[in-house]
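Okay, structure-v1.txt now, which holds compact mmCIF, C-alpha atoms:
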```
# COMPACT_ATOMS: atom_id res chain seq x y z
CA MET A 29 -35.84 -17.52 -20.25
CA ASN A 30 -32.16 -17.61 -19.21
CA ALA A 31 -30.81 -18.43 -15.77
CA LEU A 32 -30.24 -14.80 -14.81
CA SER A 33 -33.83 -13.81 -15.54
CA ARG A 34 -35.03 -16.44 -13.06
CA LEU A 35 -33.20 -14.83 -10.12
CA PRO A 36 -35.54 -13.63 -7.30
CA ALA A 37 -36.43 -9.96 -7.25
CA GLY A 38 -33.75 -7.82 -5.62
CA VAL A 39 -30.99 -10.41 -6.07
CA GLU A 40 -28.09 -9.30 -8.24
CA PRO A 41 -26.41 -11.68 -10.64
CA PRO A 42 -23.06 -12.88 -9.30
CA ALA A 43 -21.00 -10.83 -11.77
CA GLU A 44 -22.54 -7.63 -10.41
CA ARG A 45 -21.53 -8.36 -6.83
CA ARG A 46 -17.94 -7.38 -7.48
CA ARG A 47 -17.04 -4.58 -5.08
CA ARG A 48 -15.65 -1.25 -6.18
CA GLY A 49 -11.88 -1.51 -6.42
CA ALA A 50 -11.84 -5.32 -6.54
CA ARG A 51 -8.98 -6.89 -8.46
CA SER A 52 -9.62 -8.55 -11.80
CA GLY A 53 -7.63 -11.60 -12.80
CA VAL A 54 -5.01 -13.31 -10.66
CA PHE A 55 -3.24 -11.21 -8.01
CA GLY A 56 -0.84 -11.75 -5.14
CA VAL A 57 -0.60 -10.52 -1.55
CA LEU A 58 2.52 -10.52 0.60
CA ASP A 59 2.67 -10.31 4.40
CA ILE A 60 6.26 -9.55 5.44
CA GLY A 61 6.66 -9.98 9.17
CA THR A 62 9.41 -10.42 11.73
CA THR A 63 8.80 -14.14 12.26
CA LYS A 64 7.24 -15.20 8.96
CA VAL A 65 6.65 -14.24 5.35
CA VAL A 66 3.37 -15.30 3.75
CA CYS A 67 2.42 -15.10 0.07
CA LEU A 68 -1.07 -15.84 -1.25
CA ILE A 69 -2.09 -15.88 -4.91
CA ALA A 70 -5.82 -15.60 -5.57
CA ARG A 71 -8.56 -14.53 -7.94
CA ILE A 72 -11.99 -13.00 -7.26
CA GLU A 73 -14.85 -15.31 -8.14
CA GLY A 74 -18.27 -14.40 -9.48
CA ASP A 75 -19.78 -13.79 -6.04
CA GLY A 76 -17.06 -11.27 -5.17
CA GLU A 77 -15.15 -13.56 -2.79
CA PRO A 78 -11.48 -14.56 -3.26
CA ARG A 79 -10.25 -18.08 -3.96
CA VAL A 80 -6.67 -18.92 -3.08
CA LEU A 81 -4.73 -20.58 -5.89
CA GLY A 82 -1.30 -20.68 -4.28
CA PHE A 83 0.09 -20.47 -0.76
CA GLY A 84 3.68 -19.96 0.41
CA TRP A 85 5.11 -19.62 3.91
CA GLN A 86 8.65 -19.10 5.16
CA ARG A 87 10.26 -18.31 8.48
CA GLY A 88 10.98 -14.58 8.64
CA ARG A 89 14.56 -13.43 8.15
CA GLY A 90 16.13 -10.01 7.82
CA VAL A 91 13.19 -8.19 9.45
CA LYS A 92 13.04 -6.70 12.94
CA GLY A 93 10.20 -4.72 14.46
CA GLY A 94 8.43 -4.81 11.10
CA SER A 95 11.31 -3.12 9.24
CA ILE A 96 13.89 -4.66 6.92
CA ILE A 97 17.36 -4.74 8.48
CA ASP A 98 19.11 -7.21 6.13
CA LEU A 99 18.23 -6.97 2.43
CA GLU A 100 19.81 -10.28 1.45
CA GLU A 101 18.18 -12.32 4.21
CA ALA A 102 14.78 -10.71 3.63
CA GLU A 103 15.11 -11.30 -0.11
CA ARG A 104 15.75 -15.02 0.46
CA ALA A 105 12.67 -15.39 2.66
CA ILE A 106 10.42 -13.45 0.29
CA ARG A 107 11.69 -15.29 -2.81
CA ALA A 108 11.10 -18.65 -1.12
CA ALA A 109 7.55 -17.82 0.01
CA VAL A 110 6.59 -16.33 -3.37
CA GLY A 111 8.17 -19.27 -5.20
CA GLN A 112 6.09 -21.76 -3.21
CA ALA A 113 2.88 -19.87 -3.98
CA GLU A 114 3.76 -19.44 -7.68
CA GLU A 115 4.50 -23.14 -8.08
CA MET A 116 1.19 -24.10 -6.49
CA ALA A 117 -0.77 -21.56 -8.55
CA ASP A 118 1.19 -22.27 -11.74
CA THR A 119 1.64 -18.56 -12.36
CA GLN A 120 4.32 -15.88 -11.92
CA LEU A 121 3.77 -12.64 -10.04
CA SER A 122 5.12 -9.31 -11.20
CA GLY A 123 3.80 -7.46 -8.15
CA ALA A 124 1.75 -7.82 -5.00
CA ILE A 125 -0.38 -6.04 -2.43
CA VAL A 126 2.03 -5.67 0.52
CA ASN A 127 1.42 -5.05 4.20
CA LEU A 128 2.77 -1.90 5.82
CA SER A 129 4.45 -2.50 9.17
CA CYS A 130 7.79 -0.80 8.56
CA GLY A 131 8.84 2.77 9.19
CA GLN A 132 7.06 3.33 12.52
CA PRO A 133 3.62 3.95 10.94
CA ASP A 134 1.75 6.86 12.51
CA SER A 135 -1.93 7.79 12.35
CA ARG A 136 -3.72 11.10 12.69
CA LEU A 137 -7.17 12.61 12.21
CA LEU A 138 -7.43 16.09 10.67
CA HIS A 139 -10.47 18.33 10.25
CA VAL A 140 -10.61 20.18 6.92
CA GLN A 141 -13.15 22.83 5.84
CA TRP A 142 -13.55 23.45 2.11
CA PRO A 143 -15.60 26.24 0.44
CA ILE A 144 -18.17 24.99 -2.08
CA GLY A 145 -20.15 28.22 -2.57
CA GLY A 146 -23.70 26.93 -3.00
CA ARG A 147 -23.06 24.43 -5.80
CA ALA A 148 -23.04 20.63 -5.92
CA VAL A 149 -20.06 18.81 -4.44
CA THR A 150 -17.88 17.07 -7.03
CA GLU A 151 -15.18 14.41 -6.84
CA PRO A 152 -12.43 17.03 -7.47
CA ASP A 153 -13.66 18.75 -4.29
CA LEU A 154 -13.07 15.53 -2.33
CA ARG A 155 -9.60 15.16 -3.85
CA ALA A 156 -8.84 18.78 -2.96
CA ILE A 157 -9.85 18.14 0.66
CA LEU A 158 -7.66 15.06 0.87
CA THR A 159 -4.73 16.87 -0.73
CA GLU A 160 -5.15 19.71 1.78
CA GLY A 161 -5.28 17.17 4.62
CA ARG A 162 -2.10 15.52 3.45
CA ARG A 163 -0.40 18.91 3.06
CA ARG A 164 -1.22 19.76 6.66
CA GLY A 165 -0.03 16.38 7.88
CA THR A 166 3.26 16.36 5.95
CA GLU A 167 6.41 15.89 8.01
CA ASP A 168 10.02 15.79 6.86
CA GLY A 169 11.18 12.26 6.21
CA ARG A 170 7.65 10.83 6.28
CA GLU A 171 5.44 9.59 3.43
CA THR A 172 1.64 9.36 3.42
CA VAL A 173 0.56 5.80 2.71
CA HIS A 174 -3.19 6.10 3.31
CA GLY A 175 -5.22 9.29 2.99
CA SER A 176 -8.97 8.84 3.18
CA PRO A 177 -12.09 10.59 4.48
CA VAL A 178 -13.78 9.21 7.60
CA SER A 179 -16.93 11.34 7.47
CA PHE A 180 -18.24 14.57 5.95
CA THR A 181 -20.22 17.53 7.25
CA VAL A 182 -22.40 19.29 4.67
CA ASP A 183 -22.90 22.79 6.08
CA ALA A 184 -24.36 21.96 9.53
CA THR A 185 -25.31 18.36 8.75
CA PRO A 186 -22.71 15.86 10.07
CA GLY A 187 -22.37 12.15 9.37
CA VAL A 188 -22.63 12.27 5.58
CA GLU A 189 -20.89 9.29 3.99
CA ASP A 190 -20.89 10.45 0.35
CA PRO A 191 -21.51 14.17 -0.28
CA ARG A 192 -21.06 14.08 -4.06
CA GLY A 193 -23.97 15.82 -5.76
CA MET A 194 -25.14 17.53 -2.56
CA VAL A 195 -25.46 21.34 -2.59
CA CYS A 196 -23.81 23.29 0.23
CA ASP A 197 -21.76 26.36 1.08
CA THR A 198 -19.05 24.58 3.07
CA LEU A 199 -17.94 20.96 3.09
CA GLY A 200 -16.14 19.67 6.16
CA ALA A 201 -14.28 16.39 6.41
CA ARG A 202 -12.47 14.28 8.97
CA VAL A 203 -9.43 13.00 7.11
CA HIS A 204 -7.48 9.99 8.36
CA LEU A 205 -3.82 9.84 7.38
CA VAL A 206 -1.33 7.03 7.88
CA ASP A 207 2.31 7.81 7.17
CA ALA A 208 5.65 6.06 7.56
CA SER A 209 9.36 6.73 7.31
CA GLN A 210 10.45 7.37 3.73
CA ALA A 211 13.75 5.56 4.27
CA ALA A 212 12.00 2.41 5.53
CA LEU A 213 9.60 2.50 2.58
CA ARG A 214 12.51 2.84 0.15
CA ASN A 215 14.21 -0.16 1.75
CA LEU A 216 11.02 -2.18 1.41
CA GLY A 217 10.73 -1.20 -2.25
CA ALA A 218 14.39 -2.00 -2.85
CA CYS A 219 14.03 -5.43 -1.27
CA LEU A 220 11.01 -6.30 -3.39
CA ALA A 221 12.74 -4.98 -6.51
CA ARG A 222 15.56 -7.45 -5.81
CA CYS A 223 12.85 -10.13 -5.82
CA ASP A 224 11.57 -8.83 -9.20
CA LEU A 225 8.33 -7.71 -7.57
CA GLU A 226 6.52 -4.39 -7.67
CA VAL A 227 4.68 -2.94 -4.67
CA GLU A 228 1.27 -2.56 -6.29
CA GLU A 229 -0.44 -1.32 -3.13
CA LEU A 230 0.58 -0.81 0.49
CA VAL A 231 -2.03 -1.66 3.11
CA SER A 232 -1.59 -0.91 6.80
CA SER A 233 -1.15 -4.21 8.68
CA PRO A 234 -3.72 -3.43 11.43
CA LEU A 235 -6.26 -2.39 8.78
CA ALA A 236 -5.77 -5.74 7.06
CA ALA A 237 -6.11 -7.62 10.36
CA GLY A 238 -9.37 -5.77 11.02
CA LEU A 239 -10.78 -6.64 7.60
CA ALA A 240 -10.04 -10.31 8.29
CA THR A 241 -11.46 -10.59 11.79
CA LEU A 242 -14.18 -7.98 12.45
CA VAL A 243 -17.86 -8.44 11.64
CA GLU A 244 -19.75 -5.50 10.17
CA ASP A 245 -21.60 -4.66 13.41
CA GLU A 246 -18.29 -4.36 15.26
CA LYS A 247 -17.01 -1.90 12.66
CA ARG A 248 -20.19 0.13 13.03
CA ILE A 249 -20.56 0.31 16.83
CA GLY A 250 -16.83 0.68 17.46
CA ALA A 251 -14.12 -1.91 18.02
CA THR A 252 -10.37 -2.13 18.48
CA VAL A 253 -8.29 -4.82 16.77
CA ILE A 254 -5.03 -5.78 18.50
CA ASP A 255 -2.81 -7.80 16.18
CA MET A 256 -0.14 -9.47 18.32
CA GLY A 257 2.56 -10.31 15.80
CA GLY A 258 6.05 -11.68 16.21
CA GLY A 259 7.96 -8.41 16.37
CA THR A 260 5.23 -5.79 16.82
CA THR A 261 1.74 -5.36 18.23
CA SER A 262 -0.46 -3.19 16.02
CA ILE A 263 -3.74 -1.47 16.81
CA ALA A 264 -6.65 -0.52 14.55
CA VAL A 265 -9.71 1.38 15.76
CA PHE A 266 -12.91 1.20 13.73
CA SER A 267 -16.02 3.32 14.22
CA GLU A 268 -19.11 3.89 12.06
CA GLY A 269 -17.69 1.41 9.55
CA GLN A 270 -14.42 3.32 9.04
CA LEU A 271 -10.83 2.98 10.19
CA ILE A 272 -10.15 6.03 12.39
CA HIS A 273 -6.85 5.25 14.07
CA THR A 274 -3.85 2.93 13.83
CA ALA A 275 -0.77 2.54 16.00
CA GLN A 276 2.14 0.16 16.38
CA ILE A 277 4.05 -0.98 19.46
CA PRO A 278 7.54 -2.52 19.06
CA VAL A 279 6.69 -5.48 21.29
CA GLY A 280 5.42 -8.87 20.13
CA GLY A 281 5.67 -12.61 20.53
CA TRP A 282 9.42 -12.54 19.87
CA GLN A 283 9.98 -10.57 23.08
CA VAL A 284 8.08 -13.25 25.03
CA THR A 285 10.32 -15.94 23.51
CA ASN A 286 13.43 -13.89 24.27
CA ASP A 287 12.35 -13.40 27.90
CA LEU A 288 11.98 -17.16 28.32
CA ALA A 289 15.36 -17.86 26.70
CA ARG A 290 17.13 -15.25 28.80
CA VAL A 291 15.63 -16.13 32.19
CA LEU A 292 15.83 -19.91 31.71
CA SER A 293 19.20 -19.87 29.88
CA THR A 294 17.73 -22.07 27.17
CA PRO A 295 18.17 -21.93 23.37
CA ILE A 296 15.80 -19.66 21.43
CA ASN A 297 14.24 -22.59 19.57
CA HIS A 298 13.37 -24.37 22.81
CA ALA A 299 12.04 -21.15 24.35
CA GLU A 300 9.68 -20.83 21.37
CA ARG A 301 8.60 -24.44 21.89
CA LEU A 302 7.95 -23.83 25.59
CA LYS A 303 5.89 -20.77 24.77
CA THR A 304 3.84 -22.55 22.13
CA LEU A 305 3.19 -25.81 23.98
CA HIS A 306 3.13 -24.77 27.63
CA GLY A 307 2.98 -20.97 27.70
CA GLY A 308 0.16 -18.93 29.17
CA ALA A 309 -0.69 -15.78 31.07
CA MET A 310 -3.00 -17.30 33.68
CA ALA A 311 -1.92 -19.70 36.43
CA ALA A 312 -3.58 -23.09 36.95
CA ALA A 313 -3.91 -25.07 40.16
CA ASP A 314 -1.26 -27.69 39.33
CA ASP A 315 1.30 -25.36 37.70
CA ASP A 316 3.71 -25.69 40.64
CA ARG A 317 3.69 -29.50 40.33
CA GLU A 318 3.96 -29.76 36.52
CA MET A 319 7.69 -29.92 35.79
CA LEU A 320 8.96 -29.14 32.28
CA PRO A 321 12.31 -30.18 30.77
CA VAL A 322 14.56 -27.26 29.78
CA PRO A 323 17.88 -27.80 27.94
CA LEU A 324 20.52 -25.26 28.89
CA VAL A 325 22.56 -23.11 26.49
CA GLY A 326 26.02 -24.53 25.88
CA GLU A 327 25.43 -27.72 27.85
CA ASP A 328 25.42 -31.28 26.54
CA GLU A 329 22.11 -32.56 25.15
CA ASP A 330 21.61 -34.84 28.13
CA HIS A 331 22.05 -31.98 30.61
CA ILE A 332 18.42 -31.05 31.20
CA ALA A 333 17.03 -28.78 33.91
CA ARG A 334 13.44 -29.01 35.10
CA VAL A 335 11.29 -26.02 35.99
CA PRO A 336 7.64 -25.77 37.10
CA ARG A 337 5.12 -24.49 34.57
CA ALA A 338 4.32 -21.75 37.08
CA MET A 339 7.74 -20.26 36.30
CA ILE A 340 6.90 -20.12 32.58
CA VAL A 341 3.65 -18.29 33.34
CA ASN A 342 5.43 -15.86 35.67
CA ILE A 343 7.85 -14.94 32.85
CA ILE A 344 5.18 -14.54 30.16
CA ARG A 345 2.52 -12.68 32.14
CA PRO A 346 4.49 -9.45 32.87
CA ARG A 347 5.41 -9.05 29.19
CA LEU A 348 1.78 -9.42 28.08
CA GLU A 349 0.61 -7.06 30.82
CA GLU A 350 3.13 -4.49 29.62
CA THR A 351 1.91 -4.91 26.03
CA PHE A 352 -1.74 -4.32 26.94
CA GLU A 353 -0.79 -1.35 29.13
CA PHE A 354 1.00 0.16 26.12
CA VAL A 355 -2.17 -0.39 24.06
CA ARG A 356 -4.35 1.29 26.69
CA GLU A 357 -1.96 4.24 26.83
CA ARG A 358 -1.92 4.64 23.04
CA LEU A 359 -5.72 4.63 22.87
CA GLU A 360 -6.02 7.20 25.65
CA ASN A 361 -3.38 9.48 24.12
CA ALA A 362 -5.03 9.29 20.69
CA GLY A 363 -8.37 10.47 22.10
CA VAL A 364 -10.34 7.70 20.39
CA ALA A 365 -11.25 5.62 23.45
CA LYS A 366 -14.91 6.64 23.28
CA GLU A 367 -15.30 5.98 19.55
CA ALA A 368 -13.52 2.65 19.92
CA GLY A 369 -16.43 1.38 22.01
CA THR A 370 -16.10 -1.45 24.49
CA ARG A 371 -15.18 -4.23 22.07
CA VAL A 372 -11.64 -5.57 21.56
CA VAL A 373 -10.64 -8.31 19.12
CA LEU A 374 -7.29 -10.03 19.65
CA THR A 375 -5.57 -11.69 16.73
CA GLY A 376 -2.06 -12.65 15.66
CA GLY A 377 0.07 -15.53 16.88
CA ALA A 378 0.61 -14.30 20.45
CA SER A 379 -3.15 -13.92 20.97
CA GLN A 380 -3.37 -17.72 21.16
CA LEU A 381 -1.50 -17.86 24.48
CA ILE A 382 -3.74 -19.27 27.19
CA GLY A 383 -5.12 -16.45 29.33
CA ALA A 384 -4.23 -13.63 26.89
CA ARG A 385 -7.92 -12.83 26.38
CA GLU A 386 -8.67 -12.67 30.11
CA LEU A 387 -5.57 -10.59 30.82
CA ALA A 388 -6.46 -8.13 28.03
CA ALA A 389 -10.00 -7.77 29.40
CA ARG A 390 -8.64 -6.93 32.86
CA VAL A 391 -5.99 -4.44 31.74
CA LEU A 392 -8.12 -2.72 29.07
CA ASP A 393 -11.42 -2.99 31.00
CA ARG A 394 -13.28 -4.02 27.83
CA GLN A 395 -15.04 -6.99 26.28
CA VAL A 396 -12.45 -9.11 24.50
CA ARG A 397 -12.67 -11.97 22.04
CA VAL A 398 -10.01 -13.80 20.05
CA GLY A 399 -10.57 -13.10 16.37
CA ARG A 400 -10.17 -16.02 14.02
CA PRO A 401 -9.98 -14.81 10.39
CA ARG A 402 -12.78 -15.59 8.01
CA THR A 403 -12.71 -18.79 6.00
CA VAL A 404 -11.21 -18.36 2.53
CA ARG A 405 -11.79 -20.79 -0.32
CA GLY A 406 -8.73 -22.75 -1.31
CA LEU A 407 -6.70 -21.74 1.75
CA PRO A 408 -5.23 -24.65 3.74
CA GLU A 409 -6.75 -25.06 7.19
CA THR A 410 -3.30 -24.70 8.74
CA ALA A 411 -3.12 -21.15 7.31
CA GLY A 412 -6.51 -20.05 8.57
CA GLY A 413 -5.70 -19.13 12.18
CA PRO A 414 -4.96 -15.80 13.92
CA PRO A 415 -1.27 -15.75 12.84
CA PHE A 416 -2.46 -15.34 9.24
CA ALA A 417 -4.99 -12.54 9.86
CA THR A 418 -2.96 -9.89 8.03
CA ALA A 419 -2.48 -12.01 4.91
CA ILE A 420 -6.19 -12.88 4.80
CA GLY A 421 -7.06 -9.21 5.29
CA LEU A 422 -4.86 -8.30 2.31
CA LEU A 423 -6.96 -10.74 0.26
CA ALA A 424 -10.11 -8.96 1.46
CA TRP A 425 -8.60 -5.63 0.37
CA GLY A 426 -7.90 -7.14 -3.03
CA ALA A 427 -11.56 -8.13 -3.18
CA GLY A 428 -12.56 -4.48 -2.65
CA GLU A 429 -13.33 -4.51 1.08
CA GLY A 430 -12.39 -1.60 3.31
CA ARG A 431 -11.59 0.75 0.46
CA PRO A 432 -12.45 4.39 1.14
CA LEU A 433 -14.73 6.53 -0.98
CA ILE A 434 -11.62 8.10 -2.45
CA ASP A 435 -7.93 7.57 -1.72
CA ILE A 436 -4.99 9.73 -2.76
CA ALA A 437 -2.21 7.38 -1.68
CA PRO A 438 0.53 6.90 -4.30
CA GLY A 439 -0.06 3.88 -6.50
CA ALA A 440 -3.82 3.76 -5.92
CA ASP A 441 -4.41 3.71 -9.68
CA ARG A 442 -2.87 0.39 -10.61
CA HIS A 443 -4.45 0.10 -14.04
CA GLY A 444 -2.21 2.62 -15.78
CA GLY A 445 1.04 0.79 -15.13
CA ARG A 446 4.19 1.71 -13.28
CA LEU A 447 5.01 4.82 -15.34
CA ARG A 448 1.55 6.32 -14.90
CA ARG A 449 1.68 5.75 -11.14
CA PHE A 450 5.09 7.39 -10.97
CA ILE A 451 3.85 10.43 -12.91
CA GLU A 452 0.82 10.68 -10.62
CA TRP A 453 3.10 10.39 -7.57
CA LEU A 454 5.08 13.36 -8.86
CA ARG A 455 2.02 15.35 -9.87
CA VAL A 456 0.39 15.36 -6.44
CA ARG A 457 3.62 16.64 -4.91
CA VAL A 458 4.27 19.55 -7.28
```
As structure tokens, please, write out the structure in this file.
Amino acid sequence: MNALSRLPAGVEPPAERRRRGARSGVFGVLDIGTTKVVCLIARIEGDGEPRVLGFGWQRGRGVKGGSIIDLEEAERAIRAAVGQAEEMADTQLSGAIVNLSCGQPDSRLLHVQWPIGGRAVTEPDLRAILTEGRRRGTEDGRETVHGSPVSFTVDATPGVEDPRGMVCDTLGARVHLVDASQAALRNLGACLARCDLEVEELVSSPLAAGLATLVEDEKRIGATVIDMGGGTTSIAVFSEGQLIHTAQIPVGGWQVTNDLARVLSTPINHAERLKTLHGGAMAAADDDREMLPVPLVGEDEDHIARVPRAMIVNIIRPRLEETFEFVRERLENAGVAKEAGTRVVLTGGASQLIGARELAARVLDRQVRVGRPRTVRGLPETAGGPPFATAIGLLAWGAGEGRPLIDIAPGADRHGGRLRRFIEWLRVRV
């Protein structure tokens, strides 16, 4: 009797736990942000979970508001981060799964009805529905990055997750589309091409953050992930286990740092230090008495001003309040407030500011927790906090998590090589 035959009834052997769409072999993920660039190289182990083989991190350059504004500077940062990870993993990447935060990503839900005529639903029917959804959602200068079904209605029966093989007259679907500016996507591709890297898949940054921080029950009952990055704050709404809405606000931790530097007339680097070590959104009893040293721009090193911590809080709090008010407005305008439930998960670097959770709960009138990403084998502890949620979520995507039943986004079929993907990209547009 071999080891597999001794497994308890109902337990699958590890090799069979690999999720649909999971990567085989070694693969890389790349999180390109305003304040940092992170590269992880990993492989999927027998139990379906990723193990990190290489890790690289660099301060972000050439990126603003999630979009590339300086190709040379961005190339240097990406090359350095990828090089660190490649050296640690003793491998060389030809491509990577990349986060999408550029091009003002937009999200929409469309309802599509498709005639079936009393036969069984097939996979081509699902592709036809998604193609029709993307056709309806097409705008000049925009490119669909994600196109996936949220739920199906088989005749009068709603809530069907997988209608293939079911007999009906009409198949309805809620189709979720995420698109972005074509020009911004071309600039991203051009930058990575300069780094000798191919964009193997694009994954919406808030989707990745949700995969890293949400538990399954939160995805089912409804939850909103707010990823407070350096240059942007992104939103992902999950309901019934599916992503139903994303949005992005051009405000992040960088704006908080800039506010401190401007009001206090202190260098940017020291403003960032003040924010990290002493910043917060909630006042404490002794804030007026705690005096902090603040060097002034252009002055000699020994010319130091002193300001109460209360002043730091009074600069940071309005910016965070504004950010959460923008989030509330986006959710209300999108019409998904009810499906989003009462649960909010904060992640990203700025979510670690003292009092951010309490302020978010007051402004959004919801239950809020700070989401620490899941533990990943082989990943250094210093790279396991909220600032790395997107990168860890990209790993989860590579392991097959969060993938829709069917997806028509360009490049989804990575096994046929670059030429085959390009031909498919053309075919779906003709």
Tell me, as a list in words, which residues lie within 10 Å of A:Gly49, counting all atoms listed in the file; anything in the same chain fewer than 2 positions away does not count.
Arg46, Arg47, Arg51, Ser52, Trp425, Gly426, Ala427, Gly428, Glu429, Gly430, Arg431, Pro432, Ala440 and Asp441 of chain A
Interface rows for stretch 81-164 of chain A against stretch 402-420 of chain A: nearest pair, Å to one decimal, 12 Å, all atoms listed in the file, as a tab-separated table:
```
residue	atom	partner	partner_atom	distance
A:Leu81	CA	A:Gly406	CA	6.5
A:Gly82	CA	A:Leu407	CA	8.2
A:Phe83	CA	A:Leu407	CA	7.3
A:Gly84	CA	A:Ala411	CA	9.8
A:Trp85	CA	A:Ala411	CA	9.0
A:Ala113	CA	A:Leu407	CA	11.3
A:Met116	CA	A:Gly406	CA	11.3
A:Ala117	CA	A:Gly406	CA	10.8
A:Ala124	CA	A:Ala419	CA	11.6
A:Ile125	CA	A:Ala419	CA	9.7
A:Val126	CA	A:Ala419	CA	8.9
A:Asn127	CA	A:Thr418	CA	7.6
A:Leu128	CA	A:Thr418	CA	10.1
A:Ser129	CA	A:Thr418	CA	10.5
```
Those same residues, written as a PDB file, in the coordinates of the input with C-alpha atoms?
```pdb
ATOM      1  CA  LEU A  81      -4.730 -20.580  -5.890  1.00  0.00           C
ATOM      2  CA  GLY A  82      -1.300 -20.680  -4.280  1.00  0.00           C
ATOM      3  CA  PHE A  83       0.090 -20.470  -0.760  1.00  0.00           C
ATOM      4  CA  GLY A  84       3.680 -19.960   0.410  1.00  0.00           C
ATOM      5  CA  TRP A  85       5.110 -19.620   3.910  1.00  0.00           C
ATOM      6  CA  ALA A 113       2.880 -19.870  -3.980  1.00  0.00           C
ATOM      7  CA  MET A 116       1.190 -24.100  -6.490  1.00  0.00           C
ATOM      8  CA  ALA A 117      -0.770 -21.560  -8.550  1.00  0.00           C
ATOM      9  CA  ALA A 124       1.750  -7.820  -5.000  1.00  0.00           C
ATOM     10  CA  ILE A 125      -0.380  -6.040  -2.430  1.00  0.00           C
ATOM     11  CA  VAL A 126       2.030  -5.670   0.520  1.00  0.00           C
ATOM     12  CA  ASN A 127       1.420  -5.050   4.200  1.00  0.00           C
ATOM     13  CA  LEU A 128       2.770  -1.900   5.820  1.00  0.00           C
ATOM     14  CA  SER A 129       4.450  -2.500   9.170  1.00  0.00           C
TER      15      SER A 129
END
```
Find the spatial neighbours of A:Leu220, counting only C-alpha atoms, within a cut-off of 10 Å - ignore same-chain residues fewer than 3 positions away - and output them as a list in words.
Leu99, Ala102, Glu103, Ile106, Arg107, Gly123, Ala124, Val126, Arg214, Asn215, Leu216, Gly217, Cys223, Asp224, Leu225, Glu226 and Val227 of chain A
Centre and edges of the stretch 152-159 of chain A box, axis-aligned, 4 Å extra per side, as AutoDock Vina command-line options:
```
--center_x -9.2 --center_y 16.9 --center_z -3.3 --size_x 16.9 --size_y 11.7 --size_z 16.3
```
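Minimum distance to A:Ala312 across A:Ile340, A:Ile97, A:Val373, A:Ala264 (counting all atoms listed in the file) occurs at A:Ile340.
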Could you build a table of the residues in stretch 141-239 of chain A lying no more than 10 Å from stretch 56-75 of chain A, giving for each the nearest pair of atoms and their separation in Å rounded to one decimal place, using all atoms listed in the file, ordered by chain and ascending residue number, as CSV?
```
residue,atom,partner,partner_atom,distance
A:Leu216,CA,A:Ile60,CA,9.7
A:Val227,CA,A:Leu58,CA,9.5
A:Glu228,CA,A:Val57,CA,9.5
A:Glu229,CA,A:Val57,CA,9.3
A:Leu230,CA,A:Leu58,CA,9.9
A:Val231,CA,A:Asp59,CA,9.9
A:Ser233,CA,A:Asp59,CA,8.4
A:Ala236,CA,A:Asp59,CA,10.0
```
To one decimal place, how far is atom CA of A:Glu100 from atom CA of A:Leu288 in Å?
28.8 Å
Applying 9 Å and all atoms listed in the file, which residues near A:Pro177 remain after dropping the ones on its own chain fewer than 6 positions away? List them as a VMD selection string.
chain A and resid 154 157 to 158 189 201 to 205 270 432 to 435
Name the residues in contact with A:Thr285 at a cut-off of 7 Å, using only C-alpha atoms, excluding same-chain residues fewer than 4 positions from it; report them as a list in words.
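Listed by chain and then number, they are Gly281, Ala289, Ile296, Ala299, Glu300 and Lys303 of chain A.
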Suppose we keep C-alpha atoms; can you now write the selection as a PDB file, in the frame of the given file?
```
ATOM      1  CA  GLY A 281       5.670 -12.610  20.530  1.00  0.00           C
ATOM      2  CA  ALA A 289      15.360 -17.860  26.700  1.00  0.00           C
ATOM      3  CA  ILE A 296      15.800 -19.660  21.430  1.00  0.00           C
ATOM      4  CA  ALA A 299      12.040 -21.150  24.350  1.00  0.00           C
ATOM      5  CA  GLU A 300       9.680 -20.830  21.370  1.00  0.00           C
ATOM      6  CA  LYS A 303       5.890 -20.770  24.770  1.00  0.00           C
TER       7      LYS A 303
END
```
For atom CA of A:Ile263 and atom CA of A:Ile343, the interatomic separation in Å (one decimal):
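Distance reported for this atom pair: 23.9 Å.
Rounded to one decimal, atom CA of A:Val243 and atom CA of A:Gly269 lie 10.1 Å from each other.
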I need every residue sitting at most 12 Å from the point (3.3, -7.6, 31.2) (coordinates as in the file, all atoms listed in the file considered), written as JSON, numbers by chain.
{"A": [279, 280, 283, 284, 287, 308, 309, 310, 341, 342, 343, 344, 345, 346, 347, 348, 349, 350, 351, 352, 353, 354, 355, 384, 387, 388, 391]}
Select, from A:Val195, A:Val80, A:Leu423, A:Ala211, the residue with the minimum atom-to-atom distance to A:Ser95, counting all atoms listed in the file.
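So, comparing all the options, the nearest one is A:Ala211.
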Determine the nearest neighbour of A:Leu320 from the options A:Leu292, A:Lys366, A:Arg89, A:Ser267, counting all atoms listed in the file.
A:Leu292
A:Asp314, A:Glu115, A:Glu77, A:Glu360 ranked by distance to A:Ala338, top pick (using only C-alpha atoms)
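Answer, going by the shortest atom-to-atom distance: A:Asp314.
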